[in-house]
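Listing of structure.pdb; format and content: PDB, C-alpha atoms.
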ATOM      1  CA  MET A   4      38.819 -15.727  54.699
ATOM      2  CA  GLN A   5      37.512 -12.831  52.631
ATOM      3  CA  ARG A   6      33.913 -13.095  51.710
ATOM      4  CA  LYS A   7      33.010 -12.793  48.007
ATOM      5  CA  THR A   8      30.202 -10.488  47.048
ATOM      6  CA  GLY A   9      28.014 -10.502  43.944
ATOM      7  CA  ARG A  10      28.934  -6.948  43.063
ATOM      8  CA  VAL A  11      30.455  -6.162  39.671
ATOM      9  CA  PRO A  12      33.461  -3.836  39.796
ATOM     10  CA  SER A  13      32.632  -0.315  38.641
ATOM     11  CA  GLY A  14      35.249  -0.558  35.898
ATOM     12  CA  HIS A  15      33.311  -3.430  34.333
ATOM     13  CA  LEU A  16      30.066  -1.460  34.428
ATOM     14  CA  SER A  17      31.599   1.417  32.514
ATOM     15  CA  ARG A  18      32.569  -0.933  29.697
ATOM     16  CA  LEU A  19      29.041  -2.341  29.203
ATOM     17  CA  LYS A  20      27.431  -1.128  25.995
ATOM     18  CA  PRO A  21      24.031   0.539  26.377
ATOM     19  CA  VAL A  22      21.114  -1.311  24.824
ATOM     20  CA  GLU A  23      20.204   0.224  21.492
ATOM     21  CA  ILE A  24      16.471   0.838  21.156
ATOM     22  CA  ASP A  25      14.879   1.643  17.831
ATOM     23  CA  PRO A  26      13.304   5.123  18.195
ATOM     24  CA  LEU A  27      10.205   3.917  16.338
ATOM     25  CA  ALA A  28       9.805   0.988  18.754
ATOM     26  CA  GLU A  29      10.200   3.139  21.843
ATOM     27  CA  TYR A  30       6.445   3.453  22.358
ATOM     28  CA  GLY A  31       3.713   0.850  22.468
ATOM     29  CA  LEU A  32       0.143   1.023  21.204
ATOM     30  CA  PRO A  33      -2.100   3.485  23.089
ATOM     31  CA  SER A  34      -4.892   0.913  22.797
ATOM     32  CA  LYS A  35      -2.676  -1.420  24.887
ATOM     33  CA  GLY A  36      -2.078   1.129  27.628
ATOM     34  CA  GLU A  37       0.659   3.409  26.231
ATOM     35  CA  LYS A  38       0.023   6.907  27.634
ATOM     36  CA  ARG A  39       3.047   8.874  26.432
ATOM     37  CA  LEU A  40       1.713   9.245  22.878
ATOM     38  CA  LEU A  41      -1.277  11.177  24.191
ATOM     39  CA  VAL A  42       0.962  14.200  24.790
ATOM     40  CA  ALA A  43       1.042  16.699  21.904
ATOM     41  CA  LYS A  44       4.790  17.392  21.998
ATOM     42  CA  THR A  45       5.581  13.680  22.144
ATOM     43  CA  GLN A  46       3.340  13.081  19.124
ATOM     44  CA  GLU A  47       5.134  15.769  17.140
ATOM     45  CA  SER A  48       8.636  14.553  17.986
ATOM     46  CA  TYR A  49       7.616  10.960  17.187
ATOM     47  CA  TYR A  50       6.197  12.041  13.830
ATOM     48  CA  ALA A  51       9.485  13.823  13.046
ATOM     49  CA  LYS A  52      11.321  10.533  13.658
ATOM     50  CA  ILE A  53       8.888   8.666  11.388
ATOM     51  CA  ALA A  54       9.284  11.232   8.600
ATOM     52  CA  GLU A  55      13.065  11.128   8.934
ATOM     53  CA  ARG A  56      13.088   7.321   8.740
ATOM     54  CA  TYR A  57      10.820   7.346   5.698
ATOM     55  CA  LEU A  58      13.035   9.838   3.876
ATOM     56  CA  ALA A  59      16.055   7.651   4.659
ATOM     57  CA  PHE A  60      14.186   4.618   3.320
ATOM     58  CA  CYS A  61      13.381   6.445   0.060
ATOM     59  CA  THR A  62      16.988   7.555  -0.287
ATOM     60  CA  ASP A  63      18.307   4.019   0.254
ATOM     61  CA  ALA A  64      15.870   2.636  -2.325
ATOM     62  CA  GLY A  65      17.512   4.775  -4.996
ATOM     63  CA  ASP A  66      15.456   5.417  -8.106
ATOM     64  CA  ARG A  67      11.690   5.489  -8.459
ATOM     65  CA  ASP A  68      11.416   2.018  -9.992
ATOM     66  CA  GLU A  69      13.249   0.402  -7.092
ATOM     67  CA  LEU A  70      11.056   2.286  -4.618
ATOM     68  CA  GLN A  71       7.924   0.980  -6.322
ATOM     69  CA  LYS A  72       9.339  -2.546  -6.159
ATOM     70  CA  GLN A  73       9.822  -2.189  -2.403
ATOM     71  CA  PHE A  74       6.223  -1.028  -2.004
ATOM     72  CA  SER A  75       4.973  -3.938  -4.106
ATOM     73  CA  ARG A  76       6.992  -6.481  -2.133
ATOM     74  CA  LEU A  77       5.480  -5.263   1.114
ATOM     75  CA  ALA A  78       2.009  -5.420  -0.441
ATOM     76  CA  LEU A  79       2.604  -9.093  -1.300
ATOM     77  CA  SER A  80       3.762  -9.901   2.245
ATOM     78  CA  GLU A  81       1.416  -7.648   4.242
ATOM     79  CA  ASP A  82       0.074 -10.622   6.204
ATOM     80  CA  ASP A  83       3.487 -11.270   7.743
ATOM     81  CA  PRO A  84       3.929 -10.292  11.398
ATOM     82  CA  VAL A  85       5.145  -6.734  11.975
ATOM     83  CA  PRO A  86       7.468  -5.803  14.839
ATOM     84  CA  THR A  87       5.624  -3.450  17.197
ATOM     85  CA  SER A  88       7.978  -3.069  20.138
ATOM     86  CA  SER A  89      11.634  -3.054  21.080
ATOM     87  CA  THR A  90      11.342  -6.681  22.239
ATOM     88  CA  SER A  91      10.057  -7.912  18.874
ATOM     89  CA  ALA A  92      12.640  -9.858  16.928
ATOM     90  CA  PRO A  93      12.952  -9.098  13.198
ATOM     91  CA  PRO A  94      12.014 -11.901  10.807
ATOM     92  CA  ALA A  95      14.886 -14.317  10.206
ATOM     93  CA  LEU A  96      16.602 -14.061   6.857
ATOM     94  CA  PRO A  97      16.628 -17.145   4.619
ATOM     95  CA  VAL A  98      19.684 -19.378   4.779
ATOM     96  CA  GLY A  99      22.492 -18.013   2.626
ATOM     97  CA  PRO A 100      20.714 -14.924   1.237
ATOM     98  CA  THR A 101      22.308 -12.977  -1.571
ATOM     99  CA  PRO A 102      23.290  -9.378  -0.764
ATOM    100  CA  ALA A 103      20.375  -8.123  -2.862
ATOM    101  CA  ALA A 104      17.892 -10.404  -1.075
ATOM    102  CA  ALA A 105      19.231  -9.392   2.331
ATOM    103  CA  ALA A 106      18.949  -5.694   1.444
ATOM    104  CA  SER A 107      15.397  -6.216   0.198
ATOM    105  CA  GLU A 108      14.438  -8.049   3.392
ATOM    106  CA  LYS A 109      15.935  -5.255   5.466
ATOM    107  CA  ASN A 110      13.951  -2.652   3.515
ATOM    108  CA  GLN A 111      10.730  -4.597   4.025
ATOM    109  CA  ILE A 112      11.314  -4.696   7.789
ATOM    110  CA  GLU A 113      12.062  -0.973   7.751
ATOM    111  CA  LEU A 114       8.866  -0.147   5.862
ATOM    112  CA  SER A 115       6.815  -2.389   8.145
ATOM    113  CA  GLN A 116       8.215  -0.588  11.189
ATOM    114  CA  ILE A 117       7.253   2.778   9.677
ATOM    115  CA  LEU A 118       3.683   1.595   9.126
ATOM    116  CA  SER A 119       3.550   0.199  12.654
ATOM    117  CA  ALA A 120       4.810   3.511  14.079
ATOM    118  CA  LEU A 121       2.164   5.416  12.123
ATOM    119  CA  ARG A 122      -0.502   3.184  13.613
ATOM    120  CA  LYS A 123       0.708   3.984  17.121
ATOM    121  CA  LEU A 124       0.734   7.702  16.369
ATOM    122  CA  ARG A 125      -2.764   7.616  14.868
ATOM    123  CA  GLU A 126      -4.056   5.798  17.944
ATOM    124  CA  GLY A 127      -2.462   8.480  20.123
ATOM    125  CA  ILE A 128      -4.156  11.228  18.106
ATOM    126  CA  VAL A 129      -7.535   9.512  18.377
ATOM    127  CA  ALA A 130      -7.160   8.881  22.122
ATOM    128  CA  SER A 131      -6.115  12.487  22.781
ATOM    129  CA  LYS A 132      -8.962  13.792  20.563
ATOM    130  CA  ARG A 133      -6.549  15.969  18.653
ATOM    131  CA  ARG A 134      -8.150  17.537  15.576
ATOM    132  CA  ASP A 135      -5.864  20.176  14.123
ATOM    133  CA  ALA A 136      -3.454  20.759  11.237
ATOM    134  CA  PHE A 137      -0.955  18.301  12.722
ATOM    135  CA  ALA A 138      -3.571  15.532  12.927
ATOM    136  CA  SER A 139      -4.522  16.170   9.293
ATOM    137  CA  GLN A 140      -0.877  15.997   8.245
ATOM    138  CA  VAL A 141      -0.283  12.690  10.026
ATOM    139  CA  TYR A 142      -3.410  11.106   8.595
ATOM    140  CA  LEU A 143      -2.674  12.251   5.053
ATOM    141  CA  PHE A 144       0.849  10.836   5.353
ATOM    142  CA  ALA A 145      -0.505   7.491   6.616
ATOM    143  CA  ILE A 146      -3.121   7.385   3.855
ATOM    144  CA  ARG A 147      -0.633   8.078   1.069
ATOM    145  CA  LEU A 148       1.862   5.524   2.328
ATOM    146  CA  GLY A 149      -0.884   2.965   2.948
ATOM    147  CA  VAL A 150      -2.113   3.387  -0.630
ATOM    148  CA  LEU A 151       1.389   2.950  -2.067
ATOM    149  CA  VAL A 152       1.883  -0.376  -0.253
ATOM    150  CA  SER A 153      -1.721  -1.476  -0.921
ATOM    151  CA  SER A 154      -2.395  -1.693   2.822
ATOM    152  CA  TYR A 155      -6.128  -1.004   3.043
ATOM    153  CA  GLU A 156      -5.953  -1.746   6.776
ATOM    154  CA  THR A 157      -3.895   1.442   6.995
ATOM    155  CA  TYR A 158      -5.472   3.819   4.507
ATOM    156  CA  HIS A 159      -9.194   2.961   4.657
ATOM    157  CA  PRO A 160      -9.883   3.600   8.375
ATOM    158  CA  ALA A 161      -7.575   6.627   8.161
ATOM    159  CA  LEU A 162      -9.623   8.020   5.267
ATOM    160  CA  LEU A 163     -12.887   7.589   7.165
ATOM    161  CA  TYR A 164     -11.540   9.238  10.326
ATOM    162  CA  LEU A 165      -9.992  12.110   8.382
ATOM    163  CA  LEU A 166     -13.194  12.927   6.487
ATOM    164  CA  ARG A 167     -15.719  12.193   9.237
ATOM    165  CA  VAL A 168     -13.940  13.422  12.377
ATOM    166  CA  ILE A 169     -10.955  15.652  11.657
ATOM    167  CA  HIS A 170     -12.326  17.571   8.669
ATOM    168  CA  PRO A 171     -15.518  18.826  10.395
ATOM    169  CA  ALA A 172     -13.396  20.136  13.296
ATOM    170  CA  HIS A 173     -10.467  21.438  11.248
ATOM    171  CA  ASN A 174     -11.206  21.966   7.578
ATOM    172  CA  LEU A 175      -8.897  20.350   5.081
ATOM    173  CA  THR A 176      -7.839  22.421   2.106
ATOM    174  CA  SER A 177      -9.904  21.884  -1.041
ATOM    175  CA  VAL A 178      -6.989  19.999  -2.624
ATOM    176  CA  GLU A 179      -6.536  17.701   0.404
ATOM    177  CA  ARG A 180     -10.240  16.943   0.642
ATOM    178  CA  HIS A 181     -10.462  16.257  -3.101
ATOM    179  CA  GLU A 182      -7.523  13.852  -2.835
ATOM    180  CA  ALA A 183      -9.013  11.982   0.127
ATOM    181  CA  VAL A 184     -12.478  11.664  -1.429
ATOM    182  CA  ALA A 185     -10.999  10.448  -4.720
ATOM    183  CA  TYR A 186      -9.108   7.698  -2.854
ATOM    184  CA  LEU A 187     -12.276   6.699  -1.005
ATOM    185  CA  VAL A 188     -14.294   6.445  -4.232
ATOM    186  CA  LEU A 189     -11.570   4.496  -6.032
ATOM    187  CA  ASP A 190     -11.225   2.125  -3.068
ATOM    188  CA  ALA A 191     -14.958   1.402  -3.136
ATOM    189  CA  ALA A 192     -14.913   0.752  -6.882
ATOM    190  CA  CYS A 193     -11.603  -1.052  -7.337
ATOM    191  CA  ARG A 194     -10.839  -2.905  -4.105
ATOM    192  CA  ARG A 195     -14.314  -3.531  -2.725
ATOM    193  CA  GLY A 196     -15.897  -3.899  -6.171
ATOM    194  CA  ASN A 197     -18.952  -1.943  -5.062
ATOM    195  CA  LEU A 198     -19.765   0.450  -7.894
ATOM    196  CA  ALA A 199     -23.064   1.515  -6.335
ATOM    197  CA  ASP A 200     -21.261   2.597  -3.170
ATOM    198  CA  ALA A 201     -18.580   4.328  -5.251
ATOM    199  CA  TYR A 202     -21.163   6.426  -7.090
ATOM    200  CA  THR A 203     -22.962   7.163  -3.805
ATOM    201  CA  LEU A 204     -19.742   8.423  -2.198
ATOM    202  CA  ARG A 205     -18.945  10.452  -5.311
ATOM    203  CA  ASN A 206     -22.331  12.162  -5.175
ATOM    204  CA  GLU A 207     -22.381  12.650  -1.389
ATOM    205  CA  HIS A 208     -19.004  14.391  -1.425
ATOM    206  CA  ARG A 209     -19.759  16.186  -4.715
ATOM    207  CA  LEU A 210     -16.573  14.947  -6.284
ATOM    208  CA  ARG A 211     -15.918  16.352  -9.728
ATOM    209  CA  ASP A 212     -12.981  14.503 -11.236
ATOM    210  CA  ALA A 213     -12.848  13.455 -14.886
ATOM    211  CA  LYS A 214     -10.246  10.732 -14.303
ATOM    212  CA  VAL A 215     -12.166   9.136 -11.432
ATOM    213  CA  ASP A 216     -15.277   9.215 -13.627
ATOM    214  CA  ALA A 217     -13.313   7.502 -16.410
ATOM    215  CA  VAL A 218     -12.257   4.720 -14.006
ATOM    216  CA  LEU A 219     -15.879   4.169 -12.983
ATOM    217  CA  ARG A 220     -17.054   4.090 -16.617
ATOM    218  CA  ALA A 221     -14.345   1.598 -17.526
ATOM    219  CA  LEU A 222     -15.426  -0.706 -14.700
ATOM    220  CA  VAL A 223     -19.103  -0.443 -15.585
ATOM    221  CA  ARG A 224     -18.435  -1.260 -19.241
ATOM    222  CA  ASP A 225     -15.503  -3.660 -18.746
ATOM    223  CA  ASP A 226     -13.639  -1.285 -21.045
ATOM    224  CA  TRP A 227     -10.004  -2.438 -20.995
ATOM    225  CA  VAL A 228      -8.840   0.196 -23.498
ATOM    226  CA  LEU A 229     -10.272   3.094 -21.459
ATOM    227  CA  TRP A 230      -8.920   1.503 -18.270
ATOM    228  CA  ARG A 231      -5.341   1.319 -19.535
ATOM    229  CA  LYS A 232      -5.528   4.812 -21.030
ATOM    230  CA  THR A 233      -6.782   6.251 -17.743
ATOM    231  CA  LYS A 234      -4.245   4.372 -15.641
ATOM    232  CA  ARG A 235      -1.383   5.824 -17.689
ATOM    233  CA  SER A 236      -2.703   9.340 -17.055
ATOM    234  CA  VAL A 237      -3.174   9.245 -13.269
ATOM    235  CA  ASP A 238      -0.628   9.641 -10.473
ATOM    236  CA  GLY A 239       1.029   6.728  -8.684
ATOM    237  CA  HIS A 240      -1.410   6.660  -5.747
ATOM    238  CA  ARG A 241      -4.501   6.384  -7.934
ATOM    239  CA  ALA A 242      -2.792   3.862 -10.195
ATOM    240  CA  LYS A 243      -2.025   1.755  -7.132
ATOM    241  CA  LEU A 244      -5.698   1.733  -6.105
ATOM    242  CA  MET A 245      -6.676   0.785  -9.657
ATOM    243  CA  GLU A 246      -4.470  -2.300  -9.438
ATOM    244  CA  PHE A 247      -7.025  -3.958  -7.149
ATOM    245  CA  ALA A 248      -9.507  -4.209 -10.049
ATOM    246  CA  GLU A 249      -7.015  -5.000 -12.801
ATOM    247  CA  PRO A 250      -7.159  -8.827 -12.519
ATOM    248  CA  GLN A 251     -10.931  -8.689 -13.014
ATOM    249  CA  LEU A 252     -10.661  -6.608 -16.188
ATOM    250  CA  ARG A 253      -7.739  -8.643 -17.518
ATOM    251  CA  ALA A 254      -9.793 -11.826 -17.032
ATOM    252  CA  HIS A 255     -12.549 -10.232 -19.140
ATOM    253  CA  VAL A 256     -10.002  -9.506 -21.894
ATOM    254  CA  LEU A 257      -8.758 -13.086 -21.815
ATOM    255  CA  LYS A 258     -12.315 -14.366 -22.197
ATOM    256  CA  ALA A 259     -12.692 -12.115 -25.233
ATOM    257  CA  PHE A 260      -9.509 -13.609 -26.711
ATOM    258  CA  GLY A 261     -10.864 -17.089 -26.021
ATOM    259  CA  ARG A 262     -14.097 -16.354 -27.887
ATOM    260  CA  SER A 263     -12.535 -14.485 -30.807
ATOM    261  CA  TYR A 264      -9.265 -16.183 -31.764
ATOM    262  CA  LEU A 265      -8.016 -19.635 -32.627
ATOM    263  CA  SER A 266      -4.414 -18.531 -32.103
ATOM    264  CA  VAL A 267      -2.461 -15.307 -31.620
ATOM    265  CA  GLY A 268       1.171 -14.263 -31.505
ATOM    266  CA  LEU A 269       2.684 -14.294 -28.025
ATOM    267  CA  ASP A 270       3.966 -10.710 -28.363
ATOM    268  CA  PHE A 271       0.503  -9.496 -29.348
ATOM    269  CA  LEU A 272      -1.135 -11.274 -26.393
ATOM    270  CA  GLU A 273       1.381  -9.935 -23.876
ATOM    271  CA  THR A 274       1.117  -6.407 -25.279
ATOM    272  CA  GLN A 275      -2.668  -6.340 -25.161
ATOM    273  CA  THR A 276      -2.944  -7.812 -21.652
ATOM    274  CA  PHE A 277       0.115  -6.026 -20.212
ATOM    275  CA  SER A 278       1.219  -9.350 -18.711
ATOM    276  CA  SER A 279       3.904 -11.891 -19.463
ATOM    277  CA  TRP A 280       2.995 -15.419 -20.508
ATOM    278  CA  LYS A 281       4.271 -16.698 -17.162
ATOM    279  CA  GLU A 282       1.966 -14.299 -15.270
ATOM    280  CA  LEU A 283      -1.025 -15.252 -17.416
ATOM    281  CA  ALA A 284      -0.423 -18.940 -16.755
ATOM    282  CA  SER A 285       0.244 -18.642 -13.008
ATOM    283  CA  GLN A 286      -2.135 -15.851 -11.981
ATOM    284  CA  HIS A 287      -5.015 -16.335 -14.423
ATOM    285  CA  GLY A 288      -4.808 -20.064 -15.028
ATOM    286  CA  VAL A 289      -4.559 -19.745 -18.801
ATOM    287  CA  GLY A 290      -4.477 -23.267 -20.194
ATOM    288  CA  TRP A 291      -3.608 -22.362 -23.768
ATOM    289  CA  GLU A 292      -0.688 -23.941 -25.568
ATOM    290  CA  LEU A 293       2.470 -22.009 -26.429
ATOM    291  CA  ASN A 294       4.174 -23.242 -29.574
ATOM    292  CA  ASN A 295       7.112 -21.458 -31.251
ATOM    293  CA  GLY A 296       6.067 -17.973 -30.223
ATOM    294  CA  ARG A 297       2.404 -18.514 -31.023
ATOM    295  CA  VAL A 298      -0.383 -19.149 -28.538
ATOM    296  CA  VAL A 299      -2.903 -21.781 -29.604
ATOM    297  CA  ILE A 300      -6.217 -20.887 -27.975
ATOM    298  CA  ARG A 301      -8.534 -23.376 -29.678
ATOM    299  CA  LYS A 302      -8.011 -26.278 -32.029
ATOM    300  CA  ILE A 303     -10.489 -27.085 -34.773
ATOM    301  CA  GLN A 304     -11.698 -30.618 -34.419
ATOM    302  CA  GLY A 305     -11.563 -32.581 -37.683
ATOM    303  CA  ARG A 306     -14.704 -34.149 -39.081
ATOM    304  CA  SER A 307     -15.092 -37.828 -38.463
TER     305      SER A 307
END
Can you turn what I pasted into structure tokens?
Amino acid sequence: MQRKTGRVPSGHLSRLKPVEIDPLAEYGLPSKGEKRLLVAKTQESYYAKIAERYLAFCTDAGDRDELQKQFSRLALSEDDPVPTSSTSAPPALPVGPTPAAAASEKNQIELSQILSALRKLREGIVASKRRDAFASQVYLFAIRLGVLVSSYETYHPALLYLLRVIHPAHNLTSVERHEAVAYLVLDAACRRGNLADAYTLRNEHRLRDAKVDAVLRALVRDDWVLWRKTKRSVDGHRAKLMEFAEPQLRAHVLKAFGRSYLSVGLDFLETQTFSSWKELASQHGVGWELNNGRVVIRKIQGRS
């Protein structure tokens, strides 16, 4: 009797499909023992893959408005787990998703993977003590993307390392340094709500920027008009940082409405607060009454 072996015929092996590995998930975190990202050439080729993936993501998003929506969606779900290796399974889609919802979910996973890959690359640069033009380029890219998706875990430590470690060893251009310092000041004022620290950073770095100064003045004075005027005049990255402080200023405006008006037209209220009635009710807890297109703020009690 012929003995059976556990070998698979060679013809079967040739028909097996190779396992597809996401190029961005090929490497692990250097802080967890990954050594390959400490090599300069590997860092550069990995960054090229990240840049290529990001450009593809922007192209798939289509127009600017859709791209901003994708950034905002990731900002709202930034606490969700992010795949960091080839063994990580992507988040499951909801049951019966619409094509638009499925595409949006796919884009969020893609953007999360890009951020995760940038973290790995930054760790590799830190571990290898690389402080040159390439390191500056990677950190500026991570900072800009982190700002757009409101991920302070990405952009804030990157800003500090860029200004404190890389810049003294390899000078940034005046434009790059100005950009980084402006982000740092705006983060202190808008996200952290620390105006004293914001002014200290502004003075330490000798930042001269009229629009940043206008943001600080608006926060000091609770000046909603100046705030909105300034926000319309700045670029998308600065506007994104300003969004951290917007609920605080909008709440101040709503208090002013509450003290000054008995009732106002809904259109007027939404125009002045730059928010829909639904957003005001859900995000700011407005308890006013909406009646036939008019918002009743206070009712005059009749005399007994």
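Residues within 8 Å of segment 129-138 of chain A, counting all atoms listed in the file and excluding same-chain residues fewer than 6 positions away, are A:Pro33, A:Leu41, A:Val42, A:Glu47, A:Val168, A:Ile169, A:Ala172, A:His173.
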Report as a ChimeraX atom specification all protein, DNA and RNA residues lying within 9 Å of segment 234-244 of chain A, evaluated on all atoms listed in the file, omitting residues in the same chain fewer than 5 positions from it. /A:147-148,150-153,185-186,189-190,193-194,214-215,218,229
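Taking atom CA of Arg220 of chain A and atom CA of Leu166 of chain A as endpoints, the distance between them is 25.0 Å.
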The distance between atom CA of Ser34 of chain A and atom CA of Gln46 of chain A is 15.1 Å
Enter the distance from atom CA of Arg253 of chain A to atom CA of Trp227 of chain A, in Å, rounded to one decimal.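 Rounded to one decimal, the two atoms are 7.5 Å apart.
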Please enumerate the residues selected by the PyMOL selection byres ((chain A and resi 271-285) around 9) when evaluated against the supplied file, formatted as an MDAnalysis selection string. chainID A and resid 227 253 256:257 260 267:270 286:291 293 298
Give me a file of those residues, with C-alpha atoms, as a PDB file, in the frame of the given file.
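Contents of result_8.pdb, as written:
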ATOM      1  CA  TRP A 227     -10.004  -2.438 -20.995  1.00  0.00           C
ATOM      2  CA  ARG A 253      -7.739  -8.643 -17.518  1.00  0.00           C
ATOM      3  CA  VAL A 256     -10.002  -9.506 -21.894  1.00  0.00           C
ATOM      4  CA  LEU A 257      -8.758 -13.086 -21.815  1.00  0.00           C
ATOM      5  CA  PHE A 260      -9.509 -13.609 -26.711  1.00  0.00           C
ATOM      6  CA  VAL A 267      -2.461 -15.307 -31.620  1.00  0.00           C
ATOM      7  CA  GLY A 268       1.171 -14.263 -31.505  1.00  0.00           C
ATOM      8  CA  LEU A 269       2.684 -14.294 -28.025  1.00  0.00           C
ATOM      9  CA  ASP A 270       3.966 -10.710 -28.363  1.00  0.00           C
ATOM     10  CA  GLN A 286      -2.135 -15.851 -11.981  1.00  0.00           C
ATOM     11  CA  HIS A 287      -5.015 -16.335 -14.423  1.00  0.00           C
ATOM     12  CA  GLY A 288      -4.808 -20.064 -15.028  1.00  0.00           C
ATOM     13  CA  VAL A 289      -4.559 -19.745 -18.801  1.00  0.00           C
ATOM     14  CA  GLY A 290      -4.477 -23.267 -20.194  1.00  0.00           C
ATOM     15  CA  TRP A 291      -3.608 -22.362 -23.768  1.00  0.00           C
ATOM     16  CA  LEU A 293       2.470 -22.009 -26.429  1.00  0.00           C
ATOM     17  CA  VAL A 298      -0.383 -19.149 -28.538  1.00  0.00           C
TER      18      VAL A 298
END
Got a sec: who's within 9 Å of segment 116-122 of chain A, counting all atoms listed in the file, leaving out chain neighbours fewer than 5 positions off, as a list of chain:residue names? A:Leu27, A:Ala28, A:Tyr30, A:Gly31, A:Leu32, A:Tyr49, A:Tyr50, A:Ile53, A:Ala54, A:Arg56, A:Tyr57, A:Val85, A:Pro86, A:Thr87, A:Gln111, A:Gly127, A:Val141, A:Tyr142, A:Phe144, A:Ala145, A:Leu148, A:Gly149, A:Thr157
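Here the residues that fall within 9 Å of (-7.9, 4.5, 8.8), using all atoms listed in the file, are given as Arg122, Arg125, Tyr142, Ala145, Ile146, Tyr155, Glu156, Thr157, Tyr158, His159, Pro160, Ala161, Leu162, Leu163, Tyr164 and Leu165 of chain A.
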Expansion of the PyMOL selection byres ((chain A and resi 249) around 10) into residues, as a PyMOL selection string: chain A and resi 193-194+222+227+230-231+244-248+250-255
Smallest atom-to-atom distance to Lys44 of chain A: which of A:His208, A:Ser177, A:Asp200, A:Ile128, using only C-alpha atoms?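 Of all the options, A:Ile128 lies closest to Lys44 of chain A.
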Tell me, as a list in words, which residues lie within 7 Å of Ile300 of chain A, counting all atoms listed in the file; anything in the same chain fewer than 2 positions away does not count. Gly261, Tyr264, Leu265, Ser266, Trp291, Glu292, Val298 and Lys302 of chain A
Could you save the residues just selected, with C-alpha atoms, as an mmCIF file, keeping the file's coordinate frame?
data_model
loop_
_atom_site.group_PDB
_atom_site.id
_atom_site.type_symbol
_atom_site.label_atom_id
_atom_site.label_comp_id
_atom_site.auth_asym_id
_atom_site.auth_seq_id
_atom_site.Cartn_x
_atom_site.Cartn_y
_atom_site.Cartn_z
ATOM 1 C CA GLY A 261 -10.864 -17.089 -26.021
ATOM 2 C CA TYR A 264 -9.265 -16.183 -31.764
ATOM 3 C CA LEU A 265 -8.016 -19.635 -32.627
ATOM 4 C CA SER A 266 -4.414 -18.531 -32.103
ATOM 5 C CA TRP A 291 -3.608 -22.362 -23.768
ATOM 6 C CA GLU A 292 -0.688 -23.941 -25.568
ATOM 7 C CA VAL A 298 -0.383 -19.149 -28.538
ATOM 8 C CA LYS A 302 -8.011 -26.278 -32.029
#
Kindly indicate which residue among A:Arg262, A:Arg167, A:Arg195, A:Leu114 lies nearest to Ala183 of chain A, using only C-alpha atoms for the distances. A:Arg167
Applied to this file, what does the PyMOL selection byres ((chain A and resi 201) around 6) return in terms of residues, put as a PDB file with C-alpha atoms, keeping the file's coordinate frame?
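result-v3.pdb was written with the following content:
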ATOM      1  CA  VAL A 188     -14.294   6.445  -4.232  1.00  0.00           C
ATOM      2  CA  ALA A 191     -14.958   1.402  -3.136  1.00  0.00           C
ATOM      3  CA  ALA A 192     -14.913   0.752  -6.882  1.00  0.00           C
ATOM      4  CA  LEU A 198     -19.765   0.450  -7.894  1.00  0.00           C
ATOM      5  CA  ALA A 199     -23.064   1.515  -6.335  1.00  0.00           C
ATOM      6  CA  ASP A 200     -21.261   2.597  -3.170  1.00  0.00           C
ATOM      7  CA  TYR A 202     -21.163   6.426  -7.090  1.00  0.00           C
ATOM      8  CA  THR A 203     -22.962   7.163  -3.805  1.00  0.00           C
ATOM      9  CA  LEU A 204     -19.742   8.423  -2.198  1.00  0.00           C
TER      10      LEU A 204
END
For segment 166-173 of chain A, I'd like the enclosing box, axis-aligned and padded by 5 Å on every side, reported as JSON with centre and edge lengths in Å to one decimal.
{"center_x": -13.1, "center_y": 16.8, "center_z": 9.9, "size_x": 15.3, "size_y": 19.2, "size_z": 16.8}
Residue with smallest distance to Asn174 of chain A - pool A:Lys35, A:Ser154, A:Glu207, A:Gln140, counting only C-alpha atoms: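 Looking at the shortest contact to Asn174 of chain A, the residue is A:Gln140.
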